[in-house]
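Please read the structure below before turning to the comments.
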Amino acid sequence: MSELNAAKEKFAKIIESQLLRIERMKQQKDFLDFKALPKIIIGVVGGDGIGPAITSQAQRVLEFLLKDEIQRGRAEFRVIQGLTIENRVKANKAIPDDVLTELKECHVILKGPTTTPRKGDRWPNVESANVAMRKELDLFANVRPVSVPEKGIDWTFFRENTEGSYVVGSSGFDVNEDLAVDFTITTTEGCERIARAAFEFAKNSGKTRVTAVTKANVIKTTDGKFLNICSQIAKEYPEIQFDDWYIDIMTAKLVDEKRRSDFQVFVLPNLYGDILTDEAAEFQGGVGPAGSANLGKRYSMFEAIHGSAPRMVDEGRDKFADPCSIIRAGAMLLNHIGYTAEAQKLYKALDICTVTEKKLVITGRDTGATSAEFADYIMETLKRITE
Ligand code: IPM
Ligand code: MG
């Protein structure tokens, strides 16, 4: 019986904290207006493994593009140290307090990969720094674009980032030796804001269709709520077509060459978004080159979606790591804070350096270019585009 009471108590705590979170969401102001800020503070977080090596190269590229703005005092880069697995384990926190304080002094963040401990490896069960940052800074929209023009693919995923099976991910518990419980959570506020973000994006970028992906036929209460709210918000956008699919068939449709190019914007709960975006990224060369935006009303964070590759560091190969994903995340960051022309230039340079011209190749070893050489190549290309 004491097991049952202990479980009830844990469950009560989770519900309590979620009710409080709903109150906080209700009080939130609108998105930050970057134009109104005297200075935009850009935090640069290296993270673990190859993170610091590639993130510092992305920073060089962004500083190059924002040179004048930095000089005029309109933009400032701040390197934030300490979001490493060692420090996180030492503090027994997903994000150590001093790091969180520094993060909160920024407006936008560029983040390298961080190591996520999993059951059975050498690290204790600290929560994923990614997931924690999304929660702490309330970065509710994870936006992942996937574009493969030659295949007619131009998708943008709006993955809900703060709820679903992730929100209380590390609060699941073993009731006893035989029974383990995890939780999935869906709130009205959480669904409304992600659905609206997806429809607003569609409206502002001339898209004509938004597709919700759930498993509402089985996960009836939480996915059902997500789907209902998406359908309701869709009514506010009569010019945009809305449809919904189940996650299993959607994973199949993405490989259906006849149908897949019809999809434009997807909106989906956290876990399905995690899975489907990895599948989608594979069409443009895997998660390596992809970047992702994590948007909230007050903060936003831009990251590479690949892992921290600790083995490359162990083997002394981190300087050969591919910085494309984090540089792409940097382009998304520029776009988000209003430097759209600079962002376009950077996308163009990435395209020249990785597809059309490809003077340097990155192999992850000394048979290819270093991250620094690649960043130099990007900057030379940017100069050429400007001239
Ligand atoms: C991602 C990653 C993370 C996630 C991991 C590292 C916790 O896979 O950004 O997609 O599942 O969200
Ligand atoms: Mg993932």
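Residue numbering restarts at 1 in every chain; chains get A, B, ... in the order shown in the structure tokens, and ligands count up from 1 in that same order.
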
For this session: List all protein, DNA and RNA residues that have at least one atom no more than 6 Å from any atom of ligand 1, counting only C-alpha atoms and all ligand atoms, and write them as a list in words.
Result: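 Those within range of ligand 1 are Thr116, Ser128, Asn130, Val131, Asp274 and Ile305 of chain A.
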
Exercise. Could you list, as number ranges by chain, all the residues within 10 Å of ligand 2, counting only C-alpha atoms and all ligand atoms?
Worked result: A: 270-279, 287, 305-307

Restricted to C-alpha atoms, what would the selected residues look like written as an mmCIF file, in the first residue's frame?
```
data_model
loop_
_atom_site.group_PDB
_atom_site.id
_atom_site.type_symbol
_atom_site.label_atom_id
_atom_site.label_comp_id
_atom_site.auth_asym_id
_atom_site.auth_seq_id
_atom_site.Cartn_x
_atom_site.Cartn_y
_atom_site.Cartn_z
ATOM 1 C CA ASN A 270 6.646 16.398 -29.393
ATOM 2 C CA LEU A 271 7.531 12.731 -29.808
ATOM 3 C CA TYR A 272 6.050 12.315 -33.290
ATOM 4 C CA GLY A 273 7.835 15.505 -34.273
ATOM 5 C CA ASP A 274 11.093 14.097 -32.993
ATOM 6 C CA ILE A 275 10.730 10.959 -35.048
ATOM 7 C CA LEU A 276 9.237 12.357 -38.237
ATOM 8 C CA THR A 277 11.795 15.172 -38.515
ATOM 9 C CA ASP A 278 14.691 12.715 -38.408
ATOM 10 C CA GLU A 279 13.052 10.739 -41.188
ATOM 11 C CA VAL A 287 20.399 15.107 -39.545
ATOM 12 C CA ILE A 305 20.099 18.546 -34.684
ATOM 13 C CA HIS A 306 22.901 15.997 -34.689
ATOM 14 C CA GLY A 307 24.551 14.592 -31.567
#
```

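Of the residues listed (A:Phe226, A:Phe320, A:Phe173, A:Phe302), A:Phe226 shows the shortest atom-to-atom separation from A:Val213; distances use only C-alpha atoms.
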
For this session: Give me, please, the distance in Å between atom CA of A:Asp366 and atom CA of A:Glu380, quoted to one decimal.
Result: 21.9 Å

For this session: Just the residues within 12 Å of A:Asn5, please, counting only C-alpha atoms, with nothing from its chain fewer than 6 positions along; format it as a PyMOL selection string.
Result: chain A and resi 11-12+175-176

Just write the chosen residues, N, CA, C and O atoms, as a compact mmCIF listing (two decimals), in the first residue's frame.
```
# COMPACT_ATOMS: atom_id res chain seq x y z
N PHE A 11 2.44 11.50 -8.49
CA PHE A 11 1.49 11.90 -9.53
C PHE A 11 0.90 13.27 -9.20
O PHE A 11 0.81 14.15 -10.06
N ALA A 12 0.55 13.46 -7.92
CA ALA A 12 -0.04 14.74 -7.51
C ALA A 12 0.94 15.89 -7.78
O ALA A 12 0.55 16.95 -8.26
N VAL A 175 7.00 2.36 -9.94
CA VAL A 175 6.11 2.24 -8.78
C VAL A 175 6.62 1.12 -7.87
O VAL A 175 6.67 1.25 -6.65
N ASN A 176 7.04 0.03 -8.48
CA ASN A 176 7.74 -1.04 -7.78
C ASN A 176 8.58 -1.76 -8.82
O ASN A 176 8.72 -1.27 -9.94
```

For this session: as a count of residues only, please: all residues of stretch 153-368 of chain A that backbone DSSP puts in alpha helix (DSSP H).
Result: 80

Exercise. Which polymer residues have any atom within 7 Å of an atom of A:Ala141, counting only C-alpha atoms, with same-chain residues fewer than 3 positions away left out, as a list in words?
Worked result: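 Listed by chain and then number, they are Phe158, Arg159, Glu160, Asn161, Ile194, Asn294, Leu295 and Gly296 of chain A.
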
For this session: Would you mind writing down, as a PyMOL selection string, each residue of stretch 5-101 of chain A that DSSP on the backbone assigns to strand (DSSP E or B)?
Result: chain A and resi 40-45+75-80

Just-selected residues, N, CA, C and O atoms written as a PDB file, in the first residue's frame:
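The result, written out as result03.pdb:
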```pdb
ATOM      1  N   ILE A  40      20.717  43.506 -29.379  1.00  0.00           N
ATOM      2  CA  ILE A  40      20.332  42.092 -29.332  1.00  0.00           C
ATOM      3  C   ILE A  40      21.507  41.294 -28.772  1.00  0.00           C
ATOM      4  O   ILE A  40      22.624  41.370 -29.295  1.00  0.00           O
ATOM      5  N   ILE A  41      21.253  40.561 -27.708  1.00  0.00           N
ATOM      6  CA  ILE A  41      22.323  39.757 -27.107  1.00  0.00           C
ATOM      7  C   ILE A  41      22.187  38.313 -27.582  1.00  0.00           C
ATOM      8  O   ILE A  41      21.156  37.670 -27.388  1.00  0.00           O
ATOM      9  N   ILE A  42      23.238  37.845 -28.232  1.00  0.00           N
ATOM     10  CA  ILE A  42      23.241  36.496 -28.807  1.00  0.00           C
ATOM     11  C   ILE A  42      24.159  35.604 -27.965  1.00  0.00           C
ATOM     12  O   ILE A  42      25.366  35.826 -27.917  1.00  0.00           O
ATOM     13  N   GLY A  43      23.582  34.647 -27.281  1.00  0.00           N
ATOM     14  CA  GLY A  43      24.369  33.723 -26.460  1.00  0.00           C
ATOM     15  C   GLY A  43      24.889  32.577 -27.324  1.00  0.00           C
ATOM     16  O   GLY A  43      24.168  32.081 -28.185  1.00  0.00           O
ATOM     17  N   VAL A  44      26.128  32.194 -27.105  1.00  0.00           N
ATOM     18  CA  VAL A  44      26.701  31.077 -27.865  1.00  0.00           C
ATOM     19  C   VAL A  44      27.104  29.981 -26.887  1.00  0.00           C
ATOM     20  O   VAL A  44      27.959  30.189 -26.033  1.00  0.00           O
ATOM     21  N   VAL A  45      26.422  28.845 -26.993  1.00  0.00           N
ATOM     22  CA  VAL A  45      26.653  27.746 -26.055  1.00  0.00           C
ATOM     23  C   VAL A  45      27.277  26.584 -26.825  1.00  0.00           C
ATOM     24  O   VAL A  45      26.652  26.031 -27.725  1.00  0.00           O
ATOM     25  N   ALA A  75      24.444  44.654 -31.713  1.00  0.00           N
ATOM     26  CA  ALA A  75      24.437  43.209 -31.471  1.00  0.00           C
ATOM     27  C   ALA A  75      25.664  42.835 -30.655  1.00  0.00           C
ATOM     28  O   ALA A  75      26.720  43.451 -30.794  1.00  0.00           O
ATOM     29  N   GLU A  76      25.470  41.861 -29.768  1.00  0.00           N
ATOM     30  CA  GLU A  76      26.607  41.415 -28.950  1.00  0.00           C
ATOM     31  C   GLU A  76      26.587  39.891 -28.851  1.00  0.00           C
ATOM     32  O   GLU A  76      25.536  39.297 -28.615  1.00  0.00           O
ATOM     33  N   PHE A  77      27.735  39.294 -29.023  1.00  0.00           N
ATOM     34  CA  PHE A  77      27.843  37.844 -28.837  1.00  0.00           C
ATOM     35  C   PHE A  77      28.390  37.554 -27.452  1.00  0.00           C
ATOM     36  O   PHE A  77      29.337  38.196 -27.024  1.00  0.00           O
ATOM     37  N   ARG A  78      27.790  36.607 -26.753  1.00  0.00           N
ATOM     38  CA  ARG A  78      28.298  36.202 -25.441  1.00  0.00           C
ATOM     39  C   ARG A  78      28.493  34.704 -25.412  1.00  0.00           C
ATOM     40  O   ARG A  78      27.528  33.954 -25.583  1.00  0.00           O
ATOM     41  N   VAL A  79      29.726  34.288 -25.210  1.00  0.00           N
ATOM     42  CA  VAL A  79      29.988  32.856 -25.121  1.00  0.00           C
ATOM     43  C   VAL A  79      29.628  32.395 -23.715  1.00  0.00           C
ATOM     44  O   VAL A  79      30.069  32.981 -22.727  1.00  0.00           O
ATOM     45  N   ILE A  80      28.788  31.379 -23.639  1.00  0.00           N
ATOM     46  CA  ILE A  80      28.370  30.854 -22.329  1.00  0.00           C
ATOM     47  C   ILE A  80      29.001  29.478 -22.137  1.00  0.00           C
ATOM     48  O   ILE A  80      28.708  28.541 -22.877  1.00  0.00           O
TER      49      ILE A  80
END
```

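Remark: for A:Ala132, the closest of the candidate residues A:Lys35, A:Lys93, A:Lys297, A:Lys383 is A:Lys93 (distances computed over only C-alpha atoms).
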
Problem set entry | 12 Å contact set for A:Asp351, only C-alpha atoms, chain neighbours under 4 positions out, as a list in words | Ser147, Val148, Pro149, Pro289, Cys324, Ile327, Arg328, Gln344, Lys345, Leu346, Tyr347, Val355, Thr356, Glu357, Lys358, Lys359, Ile378, Thr381, Leu382 and Ile385 of chain A

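The residue set within 7 Å of A:Ala369, counting only C-alpha atoms and dropping same-chain residues fewer than 6 places from it, reads A:Phe320, A:Leu360, A:Val361, A:Ile362.
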
Could you dump the residues just selected with N, CA, C and O atoms as a PDB file, in the first residue's frame?
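Done, and the output landed in result_25.pdb:
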```pdb
ATOM      1  N   PHE A 320      37.838  18.414 -37.219  1.00  0.00           N
ATOM      2  CA  PHE A 320      37.380  18.046 -38.561  1.00  0.00           C
ATOM      3  C   PHE A 320      35.856  17.873 -38.628  1.00  0.00           C
ATOM      4  O   PHE A 320      35.314  17.400 -39.621  1.00  0.00           O
ATOM      5  N   LEU A 360      35.555  22.475 -50.955  1.00  0.00           N
ATOM      6  CA  LEU A 360      36.101  21.730 -49.815  1.00  0.00           C
ATOM      7  C   LEU A 360      35.142  20.614 -49.435  1.00  0.00           C
ATOM      8  O   LEU A 360      33.926  20.777 -49.512  1.00  0.00           O
ATOM      9  N   VAL A 361      35.698  19.529 -48.989  1.00  0.00           N
ATOM     10  CA  VAL A 361      34.844  18.437 -48.523  1.00  0.00           C
ATOM     11  C   VAL A 361      35.182  18.168 -47.067  1.00  0.00           C
ATOM     12  O   VAL A 361      36.349  18.215 -46.674  1.00  0.00           O
ATOM     13  N   ILE A 362      34.156  17.861 -46.290  1.00  0.00           N
ATOM     14  CA  ILE A 362      34.371  17.518 -44.890  1.00  0.00           C
ATOM     15  C   ILE A 362      34.153  16.024 -44.753  1.00  0.00           C
ATOM     16  O   ILE A 362      33.106  15.515 -45.172  1.00  0.00           O
TER      17      ILE A 362
END
```

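The smallest atom-to-atom distance between A:Thr162 and any of A:Lys215, A:Arg144, A:His107, A:Lys135, using only C-alpha atoms, is found for A:Lys135.
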